2 protein chains.
Amino acid sequence: MHPVIEWKDGTVVMLDQRLLPGEKKFIVHHGHLEVAASIKDMVIRGAPAIGIAAAMGIALGVAELENRPELSDPGFLENEFKAIARAITATRPTAVNLFWAAERMEKVFQRHKNSYPRLRQELIAVAMAMDEEDFEINRRIGRNGQKLLKTGNTILTHCNAGALATSGYGTALGVVRAAGEAGKKINVIAGETRPYLQGARLTVWELQEDGIPVTLITDSMAGHVMKMGMVQAVIVGADRIAANGDTANKIGTYSLAVLARHHAIPFYVAAPLSTIDPRTATGNDIPIEERDAAEMTNFRGTMTARPHTVVFNPAFDVTPATLITSIITEEKLLFPDFGPAIASLEGLRRK
Amino acid sequence: MHPVIEWKDGTVVMLDQRLLPGEKKFIVHHGHLEVAASIKDMVIRGAPAIGIAAAMGIALGVAELENRPELSDPGFLENEFKAIARAITATRPTAVNLFWAAERMEKVFQRHKNSYPRLRQELIAVAMAMDEEDFEINRRIGRNGQKLLKTGNTILTHCNAGALATSGYGTALGVVRAAGEAGKKINVIAGETRPYLQGARLTVWELQEDGIPVTLITDSMAGHVMKMGMVQAVIVGADRIAANGDTANKIGTYSLAVLARHHAIPFYVAAPLSTIDPRTATGNDIPIEERDAAEMTNFRGTMTARPHTVVFNPAFDVTPATLITSIITEEKLLFPDFGPAIASLEGLRRK
């Protein structure tokens, strides 16, 4: 796949996902505020990719301080670092990977804050390492998850939990890719994912690029295709998983989970440990971002409802753990009861 | 409300619903093939409105024969009438009102086929009467259905089963209007109804015109708003109701019915007797129209998925009777078991 995000010559380069599938354009970011704006405006999206963008954005922010005379003052650096991290984390409240990445960078900061050149170098190195790590984690999620699929299966997915949402392999779509690598033929049905159409614009595009069979439906068709026996599993990504397994993901995921349960179809969440937030007790504690009404009242300038229309536009919803069949992580498959299963994760205990 | 369809000076005038809410334009039809094209292209849509359009289209087709020398040959008129009716009914397979209207016109034909001038006059008169009848039927549906609602309730609706889908009052939205006339404050949540956005473009527009509070959501948010306790009832229209109560309606309706059941929210279907087809035994016998992929791969010329994308685009789905709380007709409210309830309808037995 095409690199979604890259650290290059002291800049952060991102594929502008807002323009897909019509146009493939890259944006070069020279400062952390530009990175923050791109996260907020969804140039880049998907919890793991946002985590990488956050790390690179913070590294970029610290690199921006290079010629400041106050650098010898440790208080200055600490204040600046906090402001940079705040600017990055203030962009999107739901995806926990953003905060997780900022915390990792904070640890690097505390270790190296006494030497600006070293700090700068380490932050860049860690941000780049997180990108590579994410790819490897995705591969492991894929290998664990593909065991759940049989050749000939059709999976239904929502939004884009693919290469474009990560360092380049995908979580939910990583499972599909790994099944393919294991010799299984898997078909995908992609819900278009209104209002932002990540399914139509991104998932369909990246699967077509990889030659994986994909059929596009509107989100409203999910129940119908399940009823017709066209779906053997639902696999989605996650923006935040609470300690009890409740999962925030793109709006529409909860409806799919209810529909899957009604049709006795397994419902899988594929996500790295960085998406699990043991400090969030349940789904009720996850803040849900609401986005601009304009996303729903027009499509690239063509009116779909009058501009003054009252709109409810939550970007995420919460699927209760009770509707989830398994959470697929890089460490292992988790099954109910998810509270103890999550508590038992080695990778989380080390965090 | 604005007239959706009108017989005027020997033409059929329709509001072009494809252009709403951006533009209010009327199309004047001079021949029945133009009417057929407008039904197929969704200039007019909604089962009751399609029924009226079919009747007017058939009347127009017969009026077109005015100057034909073969009119004295009764075989000629019979063949022409059949061809006209076929052209009209071949447009959209799911909405039964189309066939119901054609059958009513066929009866008029059989009664008056021996006098072309009388036939022509009667067909026009009956088509115009069906338009007026529909309005009165809608009012009665409204009066029966509003008893199910309490002041302060928020109802979720899908697609447009409103004034724009009928002669001008609405079935599902007629219930909301009637509740308002009975002094009850009702709020509406409108699912935008992809791919054709009848909810966003039409339902939101007509409720705003009438000053009825309406909030727009994407179809994928339905589960979330139910879970948040924001919905007290779901009310939808119908394109065909089978003898056992199984109901075909706009794609996405079935998902709403499953979601409503999961959240213990009543699910109501509001439809005239003309939508009930006793000759269709169950939902399995209802033909489901599939529409063009282009409806999903672009929005008014802006690409949403690449043009060669494989798409599944059924225009309707079937909600099994077991998920329906009540069917609201002009005669009475029907409750399970719907088979016997439908069989007991006076209005159907007279049909």
# chains A, B, ... in the order shown; residues from 1 in each chain; ligands from 1
call {"tool": "residues_around", "arguments": {"residues": "Ala182 of chain B", "least_positions_apart": "6", "cutoff": "10 Å", "atoms": "only C-alpha atoms", "output": "JSON, numbers by chain"}}
result
{"B": [143, 146, 147, 151, 176]}
call {"tool": "interface_residues", "arguments": {"of": "chain B", "to": "chain A", "cutoff": "7 Å", "atoms": "only C-alpha atoms", "output": "number ranges by chain"}}
result
B: 21-22, 194-195, 200-201, 214-221, 223-224, 251-252, 254-255, 258-259, 303-306, 310-313, 317
call {"tool": "atom_distance", "arguments": {"atom1": "atom CA of Thr157 of chain A", "atom2": "atom CA of Val188 of chain B"}}
result
29.4 Å
call {"tool": "closest_residue", "arguments": {"among": "A:Ile50, A:Asp134, A:Ile324, A:Asn67", "to": "Thr89 of chain A", "atoms": "only C-alpha atoms"}}
result
A:Ile50
call {"tool": "closest_residue", "arguments": {"among": "B:Lys107, B:Lys24, B:His112, B:Arg140", "to": "Lys332 of chain B", "atoms": "only C-alpha atoms"}}
result
B:Arg140
call {"tool": "atom_distance", "arguments": {"atom1": "atom CA of Gln232 of chain A", "atom2": "atom CA of Ile265 of chain A"}}
result
6.1 Å
call {"tool": "closest_residue", "arguments": {"among": "A:Asn97, A:Ser167, A:Asn138, A:Thr325", "to": "Asp277 of chain A", "atoms": "only C-alpha atoms"}}
result
A:Asn97
